[in-house]
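Text of input_11.cif, listed as mmCIF, C-alpha atoms:
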data_start
loop_
_atom_site.label_atom_id
_atom_site.label_comp_id
_atom_site.auth_asym_id
_atom_site.auth_seq_id
_atom_site.Cartn_x
_atom_site.Cartn_y
_atom_site.Cartn_z
CA LEU A 132 99.85 84.63 104.72
CA ILE A 133 103.43 85.62 103.79
CA ASP A 134 106.40 83.32 104.47
CA GLN A 135 110.01 84.46 104.13
CA TRP A 136 113.22 82.49 103.56
CA ASN A 137 116.24 84.26 105.10
CA GLY A 138 118.87 81.80 103.93
CA ALA A 139 118.57 79.49 106.92
CA ALA A 140 114.91 78.96 107.81
CA TRP A 141 111.34 79.87 106.89
CA SER A 142 109.37 82.21 109.14
CA ILE A 143 106.04 83.98 108.92
CA GLY A 144 106.66 87.48 107.65
CA SER A 145 104.62 90.26 109.17
CA SER A 146 101.83 91.38 106.87
CA PRO A 147 99.66 94.40 107.54
CA ALA A 148 96.03 94.35 108.52
CA VAL A 149 93.65 95.90 106.03
CA SER A 150 90.71 98.04 107.05
CA TYR A 151 87.71 97.67 104.77
CA PRO A 152 84.31 99.36 104.89
CA ALA A 153 81.85 97.63 107.20
CA THR A 154 79.82 96.53 104.18
CA ILE A 155 82.65 94.32 102.90
CA ASN A 156 82.82 90.80 104.30
CA ASP A 157 84.74 88.88 101.62
CA LEU A 158 88.14 87.28 102.18
CA VAL A 159 91.17 88.71 100.41
CA ASN A 160 93.29 86.39 98.25
CA LEU A 161 96.89 87.33 97.38
CA VAL A 162 97.48 85.90 93.93
CA ASP A 163 100.64 87.34 92.40
CA VAL A 164 104.02 88.57 93.59
CA ALA A 165 106.94 90.23 91.79
CA CYS A 166 110.28 91.54 93.05
CA SER A 167 112.20 94.27 91.25
CA SER A 168 115.02 94.01 93.80
CA ALA A 169 115.82 92.36 97.12
CA SER A 170 114.34 95.39 98.86
CA GLN A 171 111.20 95.87 96.77
CA CYS A 172 108.46 93.37 96.13
CA TRP A 173 104.82 93.77 95.24
CA ILE A 174 101.81 91.58 95.92
CA VAL A 175 98.46 92.03 94.19
CA SER A 176 95.13 90.49 95.07
CA GLU A 177 92.30 88.64 93.45
CA ASP A 178 89.60 90.17 95.62
CA SER A 179 85.94 90.52 94.82
CA ASN A 180 85.83 94.01 96.27
CA LEU A 181 88.95 96.20 96.48
CA ALA A 182 92.36 96.04 94.86
CA LEU A 183 94.98 95.23 97.51
CA ILE A 184 98.69 95.98 97.03
CA GLU A 185 101.46 95.18 99.52
CA GLU A 186 105.13 96.19 99.25
CA TRP A 187 108.27 94.66 100.80
CA ASN A 188 110.86 97.42 101.37
CA GLY A 189 113.62 95.19 102.70
CA THR A 190 112.40 95.44 106.28
CA ALA A 191 108.64 95.00 106.46
CA TRP A 192 105.48 94.58 104.43
CA SER A 193 103.12 97.53 104.23
CA VAL A 194 99.87 98.28 102.45
CA ILE A 195 100.35 100.82 99.66
CA PRO A 196 97.33 102.87 98.59
CA SER A 197 95.90 101.56 95.35
CA ALA A 198 93.77 103.42 92.87
CA ASN A 199 90.32 101.85 92.52
CA ALA A 200 88.38 102.28 89.33
CA GLU A 201 84.97 101.97 90.94
CA ALA A 202 84.55 102.99 94.58
CA PRO A 203 84.08 101.22 96.81
CA LEU A 204 83.70 97.72 95.38
CA ASP A 205 84.74 95.19 92.75
CA ASP A 206 88.33 95.78 91.61
CA SER A 207 90.52 92.72 90.97
CA LEU A 208 94.23 92.48 90.12
CA TYR A 209 95.64 89.28 88.63
CA GLY A 210 99.20 89.97 87.46
CA VAL A 211 102.17 92.23 88.14
CA ALA A 212 105.48 92.86 86.34
CA CYS A 213 108.35 95.31 86.94
CA SER A 214 111.05 96.52 84.57
CA SER A 215 112.70 98.51 87.40
CA THR A 216 112.06 99.65 90.96
CA SER A 217 110.27 102.73 89.61
CA ASP A 218 108.38 101.13 86.73
CA CYS A 219 105.81 98.45 87.52
CA TRP A 220 102.52 97.44 85.95
CA GLN A 221 99.60 95.44 87.30
CA VAL A 222 96.57 94.29 85.39
CA GLY A 223 93.10 92.97 86.09
CA ASN A 224 89.57 94.22 85.79
CA TYR A 225 86.89 96.20 87.58
CA TYR A 226 83.14 95.75 87.69
CA ALA A 227 81.46 98.67 85.98
CA TYR A 228 78.07 100.00 86.93
CA ASN A 229 76.60 98.77 83.66
CA ASP A 230 77.04 95.16 84.85
CA VAL A 231 80.18 94.32 82.85
CA ASN A 232 83.87 93.96 83.71
CA GLN A 233 86.38 96.33 82.13
CA THR A 234 90.18 96.28 81.95
CA LEU A 235 92.11 97.76 84.87
CA ILE A 236 95.78 98.74 84.56
CA GLU A 237 97.75 100.48 87.30
CA HIS A 238 101.28 101.91 87.16
CA TRP A 239 103.93 102.45 89.85
CA ASP A 240 106.22 105.41 89.14
CA GLY A 241 108.43 105.03 92.19
CA SER A 242 106.21 106.97 94.57
CA SER A 243 102.58 105.96 94.04
CA TRP A 244 100.18 103.75 92.13
CA SER A 245 97.79 105.35 89.67
CA ILE A 246 95.23 104.08 87.20
CA TYR A 247 96.49 104.20 83.65
CA SER A 248 94.06 104.56 80.81
CA SER A 249 93.43 101.13 79.28
CA PRO A 250 91.27 100.31 76.28
CA ASN A 251 88.34 97.90 76.02
CA THR A 252 86.75 96.34 72.99
CA SER A 253 83.41 97.74 74.17
CA THR A 254 82.04 99.47 77.25
CA SER A 255 78.98 97.24 77.12
CA HIS A 256 80.81 93.88 77.09
CA THR A 257 83.15 92.20 79.57
CA ASN A 258 86.93 92.54 79.14
CA TYR A 259 89.44 90.60 81.30
CA LEU A 260 93.22 90.81 81.66
CA SER A 261 94.89 87.70 83.10
CA GLY A 262 98.63 88.40 82.92
CA VAL A 263 101.32 90.92 82.05
CA ALA A 264 104.95 90.67 80.88
CA CYS A 265 107.58 93.30 80.08
CA SER A 266 110.69 92.93 77.93
CA SER A 267 111.66 96.57 78.64
CA SER A 268 110.24 99.79 80.04
CA THR A 269 108.82 100.62 76.62
CA ASN A 270 107.51 97.18 75.68
CA CYS A 271 104.94 95.40 77.83
CA TRP A 272 102.10 93.06 76.98
CA ALA A 273 98.88 92.15 78.77
CA ALA A 274 96.72 89.20 77.76
CA GLY A 275 93.25 87.92 78.53
CA TYR A 276 89.92 87.70 76.75
CA TYR A 277 86.69 89.57 76.09
CA GLU A 278 83.08 88.69 75.32
CA ARG A 279 82.19 89.15 71.67
CA PRO A 280 78.55 89.18 70.55
CA ASN A 281 77.77 86.78 67.71
CA GLY A 282 74.13 87.11 66.88
CA ARG A 283 72.15 86.41 70.04
CA LEU A 284 75.10 84.58 71.63
CA GLU A 285 78.37 85.75 73.14
CA PHE A 286 81.73 83.99 72.76
CA ASN A 287 84.95 84.77 74.62
CA GLN A 288 87.73 85.91 72.30
CA THR A 289 91.42 86.66 72.83
CA LEU A 290 92.46 90.10 74.06
CA ILE A 291 96.03 91.46 73.90
CA LEU A 292 97.15 94.96 74.88
CA GLN A 293 100.58 96.55 74.30
CA TRP A 294 102.45 99.32 76.11
CA ASN A 295 104.80 101.20 73.75
CA GLY A 296 106.21 103.64 76.27
CA THR A 297 103.44 106.18 75.71
CA GLY A 298 100.13 104.40 76.05
CA TRP A 299 98.26 101.09 76.05
CA SER A 300 96.46 99.99 72.91
CA ILE A 301 94.63 96.89 71.74
CA VAL A 302 96.71 94.85 69.32
CA SER A 303 94.88 92.56 66.94
CA SER A 304 95.04 88.94 68.11
CA PRO A 305 93.66 85.96 66.23
CA ASN A 306 90.99 83.46 67.26
CA THR A 307 90.20 80.02 65.95
CA SER A 308 86.65 81.19 65.17
CA ILE A 309 84.26 83.96 66.14
CA SER A 310 81.83 81.23 67.22
CA GLN A 311 84.31 79.36 69.44
CA GLU A 312 85.45 80.20 72.97
CA ASN A 313 89.08 81.39 73.01
CA TYR A 314 91.07 82.17 76.18
CA LEU A 315 94.60 83.38 76.89
CA ASN A 316 95.77 82.40 80.38
CA ALA A 317 99.49 83.31 80.45
CA ILE A 318 102.02 85.39 78.56
CA THR A 319 105.82 85.58 78.47
CA CYS A 320 108.50 87.19 76.30
CA ALA A 321 111.78 85.68 75.22
CA SER A 322 112.72 89.07 73.69
CA ALA A 323 111.05 92.21 72.39
CA ALA A 324 110.59 90.44 69.06
CA GLU A 325 109.30 87.15 70.44
CA CYS A 326 106.48 86.71 72.93
CA TRP A 327 104.15 83.81 73.59
CA ALA A 328 100.61 83.66 74.95
CA VAL A 329 99.00 80.34 75.83
CA GLY A 330 95.54 79.17 76.71
CA ASP A 331 92.83 77.08 75.14
CA TYR A 332 89.81 77.18 72.87
CA TYR A 333 86.63 75.13 72.59
CA ASN A 334 86.18 73.28 69.28
CA GLY A 335 82.56 72.35 70.00
CA THR A 336 83.48 69.02 71.54
CA ALA A 337 86.49 69.61 73.77
CA TYR A 338 88.98 72.26 74.85
CA GLN A 339 92.16 72.35 72.77
CA THR A 340 95.55 74.03 73.21
CA LEU A 341 95.89 77.59 71.94
CA ILE A 342 99.33 79.17 71.42
CA GLU A 343 99.92 82.57 69.88
CA GLN A 344 103.25 84.18 68.93
CA TRP A 345 104.40 87.78 68.55
CA ASN A 346 107.12 87.98 65.90
CA GLY A 347 107.87 91.66 66.28
CA SER A 348 105.11 92.87 63.98
CA ALA A 349 101.97 90.76 64.49
CA TRP A 350 100.35 88.03 66.59
CA SER A 351 99.49 84.75 64.92
CA ILE A 352 98.20 81.37 66.01
CA VAL A 353 100.98 78.81 65.92
CA PRO A 354 99.90 75.19 65.43
CA SER A 355 100.07 73.26 68.70
CA PRO A 356 99.46 69.57 69.23
CA ASN A 357 96.67 67.93 71.21
CA SER A 358 96.18 64.40 72.41
CA SER A 359 92.91 64.24 70.46
CA SER A 360 90.37 66.63 69.00
CA SER A 361 87.76 65.00 71.25
CA GLN A 362 89.78 65.17 74.48
CA ASN A 363 90.24 68.22 76.71
CA ASN A 364 93.73 69.73 76.49
CA ASP A 365 94.67 72.69 78.72
CA LEU A 366 97.85 74.77 79.03
CA ASN A 367 98.48 76.29 82.45
CA ALA A 368 101.95 77.85 82.19
CA VAL A 369 104.71 78.78 79.76
CA ALA A 370 108.42 79.56 80.15
CA CYS A 371 111.12 80.48 77.64
CA ILE A 372 114.84 80.04 78.07
CA SER A 373 115.62 81.50 74.65
CA ALA A 374 113.99 82.12 71.29
CA SER A 375 114.58 78.48 70.41
CA GLN A 376 113.62 76.82 73.69
CA CYS A 377 110.22 77.27 75.31
CA TRP A 378 108.04 74.93 77.34
CA ALA A 379 104.29 74.93 77.98
CA VAL A 380 102.69 72.61 80.53
CA GLY A 381 99.22 71.53 81.56
CA ASN A 382 97.06 68.44 81.29
CA TYR A 383 94.84 66.47 78.94
CA ASN A 384 92.08 63.94 79.38
CA ASN A 385 92.88 60.45 78.08
CA GLY A 386 89.24 59.39 78.22
CA THR A 387 89.54 58.05 81.74
CA THR A 388 91.47 60.66 83.70
CA TYR A 389 93.79 63.64 83.28
CA GLN A 390 97.44 63.15 82.37
CA THR A 391 100.43 65.49 82.13
CA LEU A 392 100.79 67.61 78.99
CA VAL A 393 104.14 69.11 77.95
CA LEU A 394 104.77 71.00 74.70
CA PHE A 395 108.20 72.11 73.43
CA TRP A 396 109.18 74.93 71.06
CA ASN A 397 112.45 74.31 69.20
CA GLY A 398 112.52 77.59 67.31
CA PHE A 399 110.46 76.26 64.41
CA SER A 400 107.45 74.37 65.74
CA TRP A 401 105.68 73.12 68.86
CA SER A 402 105.73 69.40 69.49
CA SER A 403 104.30 67.15 72.14
CA VAL A 404 106.85 65.66 74.51
CA SER A 405 105.89 62.51 76.37
CA PRO A 406 106.34 63.26 80.05
CA PRO A 407 105.86 60.42 82.50
CA ASN A 408 102.78 59.84 84.62
CA THR A 409 102.45 57.84 87.79
CA SER A 410 99.83 55.71 86.04
CA ALA A 411 97.57 55.86 83.00
CA THR A 412 94.62 55.46 85.35
CA GLN A 413 95.70 58.08 87.91
CA LEU A 414 95.06 61.82 87.59
CA ASN A 415 98.30 63.73 86.86
CA ASP A 416 98.45 67.50 86.45
CA LEU A 417 101.31 70.00 85.94
CA LYS A 418 100.66 73.52 87.21
CA GLY A 419 104.00 75.32 87.04
CA ILE A 420 107.34 75.29 85.26
CA THR A 421 110.75 76.95 85.59
CA CYS A 422 114.09 76.50 83.86
CA PRO A 423 117.30 77.45 85.72
CA SER A 424 119.35 76.57 82.63
CA ALA A 425 119.01 75.40 79.05
CA SER A 426 119.72 71.84 80.19
CA GLN A 427 117.48 71.71 83.24
CA CYS A 428 113.79 72.46 83.77
CA TRP A 429 111.40 71.58 86.58
CA ALA A 430 107.63 71.13 86.48
CA VAL A 431 105.44 70.63 89.54
CA GLY A 432 101.89 69.57 90.25
CA ASP A 433 100.11 66.64 91.80
CA TYR A 434 98.68 63.20 91.11
CA SER A 435 95.96 61.08 92.66
CA ASN A 436 96.92 57.68 94.06
CA GLY A 437 93.27 56.68 94.19
CA SER A 438 92.56 57.94 97.68
CA THR A 439 94.67 61.12 98.10
CA TYR A 440 96.58 63.68 96.06
CA GLN A 441 100.37 63.50 96.30
CA THR A 442 103.17 65.77 95.09
CA LEU A 443 104.41 65.40 91.52
CA ILE A 444 107.80 66.80 90.45
CA GLU A 445 109.30 66.20 87.05
CA ARG A 446 112.72 67.22 85.71
CA TRP A 447 114.05 67.83 82.22
CA ASN A 448 117.76 67.08 81.74
CA GLY A 449 117.54 65.81 78.18
CA SER A 450 114.37 63.86 78.89
CA TRP A 451 111.52 64.20 81.37
CA SER A 452 111.45 61.96 84.40
CA ILE A 453 109.59 61.86 87.68
CA VAL A 454 111.87 62.81 90.57
CA SER A 455 111.06 61.45 93.99
CA SER A 456 109.35 64.09 96.10
CA PRO A 457 108.26 63.82 99.73
CA ASN A 458 104.77 64.13 101.18
CA SER A 459 103.57 64.89 104.67
CA ASN A 460 101.80 61.52 104.70
CA SER A 461 100.58 59.10 102.05
CA ALA A 462 97.11 59.33 103.60
CA GLN A 463 97.04 63.14 103.40
CA ASN A 464 96.43 65.34 100.36
CA ASN A 465 99.61 67.11 99.19
CA TYR A 466 99.73 69.72 96.41
CA LEU A 467 102.53 71.71 94.73
CA LEU A 468 101.47 74.84 92.86
CA GLY A 469 104.63 76.85 92.25
CA ILE A 470 108.35 76.39 91.69
CA THR A 471 111.40 78.63 91.35
CA CYS A 472 115.17 78.15 91.15
CA SER A 473 117.99 80.50 92.10
CA SER A 474 120.51 78.03 90.60
CA ILE A 475 120.60 74.48 89.28
CA SER A 476 121.32 73.23 92.81
CA ASN A 477 118.84 75.38 94.72
CA CYS A 478 115.15 75.16 93.90
CA TRP A 479 112.01 75.62 95.95
CA ALA A 480 108.49 74.28 95.46
CA ALA A 481 105.48 75.47 97.45
CA GLY A 482 101.94 74.31 98.07
CA SER A 483 99.90 72.80 100.88
CA TYR A 484 98.89 69.55 102.55
CA ASN A 485 95.94 68.50 104.67
CA ASN A 486 96.79 67.37 108.21
CA GLY A 487 93.51 65.53 108.56
CA SER A 488 91.40 68.51 109.50
CA VAL A 489 92.85 71.64 107.85
CA SER A 490 95.36 72.58 105.16
CA GLN A 491 98.90 73.55 106.16
CA THR A 492 101.84 75.05 104.27
CA LEU A 493 104.16 72.75 102.33
CA ILE A 494 107.63 73.82 101.19
CA GLU A 495 110.17 71.51 99.55
CA GLN A 496 113.79 72.23 98.62
CA TRP A 497 116.08 70.80 95.95
CA ASN A 498 119.70 70.90 97.15
CA GLY A 499 121.23 69.21 94.11
CA PRO A 500 120.89 65.54 95.07
CA SER A 501 117.29 65.37 96.34
CA TRP A 502 114.05 67.06 97.37
CA SER A 503 113.18 67.36 101.05
CA ILE A 504 110.43 68.99 103.09
CA VAL A 505 111.64 72.10 104.89
CA SER A 506 109.79 73.18 108.00
CA SER A 507 107.45 76.09 107.26
CA PRO A 508 105.25 78.00 109.67
CA ASN A 509 101.48 78.26 109.90
CA THR A 510 99.27 80.71 111.69
CA SER A 511 97.77 77.76 113.58
CA SER A 512 97.49 73.99 113.32
CA THR A 513 93.71 74.39 113.45
CA GLU A 514 93.47 77.08 110.75
CA SER A 515 93.81 76.42 107.01
CA ASN A 516 97.03 77.81 105.47
CA TYR A 517 97.87 77.69 101.75
CA LEU A 518 100.92 78.64 99.68
CA ASN A 519 100.02 79.33 96.06
CA GLY A 520 103.31 80.53 94.58
CA ILE A 521 106.99 81.09 95.28
CA THR A 522 109.77 83.31 93.95
CA CYS A 523 113.41 84.03 94.86
CA SER A 524 115.30 87.28 94.36
CA SER A 525 118.48 85.55 95.55
CA ALA A 526 119.56 82.31 97.19
CA ALA A 527 119.06 83.96 100.58
CA ARG A 528 115.74 85.68 99.91
CA CYS A 529 112.62 83.84 98.81
CA TRP A 530 108.92 84.40 99.19
#

If you took the structure in this file and wrote it as structure tokens, what would it be?
Amino acid sequence: LIDQWNGAAWSIGSSPAVSYPATINDLVNLVDVACSSASQCWIVSEDSNLALIEEWNGTAWSVIPSANAEAPLDDSLYGVACSSTSDCWQVGNYYAYNDVNQTLIEHWDGSSWSIYSSPNTSTSHTNYLSGVACSSSTNCWAAGYYERPNGRLEFNQTLILQWNGTGWSIVSSPNTSISQENYLNAITCASAAECWAVGDYYNGTAYQTLIEQWNGSAWSIVPSPNSSSSQNNDLNAVACISASQCWAVGNYNNGTTYQTLVLFWNGFSWSSVSPPNTSATQLNDLKGITCPSASQCWAVGDYSNGSTYQTLIERWNGSWSIVSSPNSNSAQNNYLLGITCSSISNCWAAGSYNNGSVSQTLIEQWNGPSWSIVSSPNTSSTESNYLNGITCSSAARCW
């Protein structure tokens, strides 16, 4: 499902049908989108069978042939980034015939997608790539994790790859311990000399925040706070406005339920910021963050009022506060998963709500004074429709 904002209203954008071999019966999930210009966007899929790529050329969406590592099944793409209209990267993994997953990196050169050689820690152990970020055409990073044998056991460890303009190589990345699970879930770069990767690790009792920094020469674990060493703490997203202002968001368990988790980087250290929650006994979770300026950031997610999930939007303008956000109905589940801003007075949040029988699209707009629900189409009122993310290439073009 692809929805388009044309500056006045949302409409369902035409998306192509995909022909798969008769042996394939799985559903395709579109999980990431990136736009290098108003007339070129890319979508990649998290599909259990074949990599799916769709391009917006300014007029229509079309399926672009993708290179598959293992024909005909089991290629997955999880992230995409472009430094120009003729230089894009997408990362993920493929299922090898020896029953392990291996890294998969594809490159767009302006005319076609091709598989680029990507390293693995071992051909006999699983390697995953979760995200990719580029600070220039000669400096890109991909992050994820791999399975590392430790005696008779295997523990997931961090995995970071770098593109230097010539080839991809594994760059040493630290772990809390070779006998602890370590994951990297997201990566971003404030500059070529400062990048951040966030995730979590398991200390034997609970999951704890994990933040790693690239300082231009090496990756290192940077201390990050947790609510408690015995409570789960998870980081879902990270955004940087500058080298001295970054935010990471997620959730933690207070012993009764999950509450919002916000960490702030001031150029010297990460600290825990106390964002509000609807209640200490209600589940609150932040899933996305964006900052249109150094003095304004937005985070979105959801909370449980005891019977249903409702939208949760919080704003930073010197301090975090909950901003009133509408719902389809207080008796219906409402979720917000993504947010983007084209300016401080024009932001969009996307997700879904349940109309009592199926899920339907949910789009909300910030016009400067308030958030409001904007009508968005669905394929049918009897078919489930979900929006998982949103991005804007301009105030008049959003996806």

Nearest to Trp327 (chain A), chosen from A:Ser217, A:Thr340, A:Ser351, A:Asn486, with all atoms listed in the file counted in the distances: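 For Trp327 (chain A), the nearest of the candidates is A:Ser351.
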
For CA of Asn436 (chain A) and CA of Ser476 (chain A), the interatomic separation in Å (one decimal):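 About the pair CA of Asn436 (chain A) and CA of Ser476 (chain A): they are 29.0 Å apart.
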
Top pick for closest residue to Leu366 (chain A), considering A:Ser308, A:Asn316, A:Thr409, A:Asn384 and counting only C-alpha atoms: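 For Leu366 (chain A), the nearest of the candidates is A:Asn316.
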
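Proximity to Val329 (chain A) was assessed for A:Asn346, A:Thr289, A:Ser359, A:Gln390 counting all atoms listed in the file; the smallest distance is recorded for A:Thr289.
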
CA of Ala273 (chain A) to CA of Leu292 (chain A), distance in Å rounded to a single decimal: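 Value for the CA of Ala273 (chain A)-CA of Leu292 (chain A) distance: 5.1 Å.
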
Gap from CA of Ser310 (chain A) to CA of Tyr332 (chain A) - Å, one decimal: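 We find that CA of Ser310 (chain A) and CA of Tyr332 (chain A) lie 10.6 Å from each other.
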
Hits of the PyMOL selection byres ((chain A and resi 269) around 7) in this structure, as a list in words: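 With the shown file as input, the PyMOL selection byres ((chain A and resi 269) around 7) matches Ser267, Ser268, Asn270, Cys271, Trp294, Asn295 and Gly296 of chain A.
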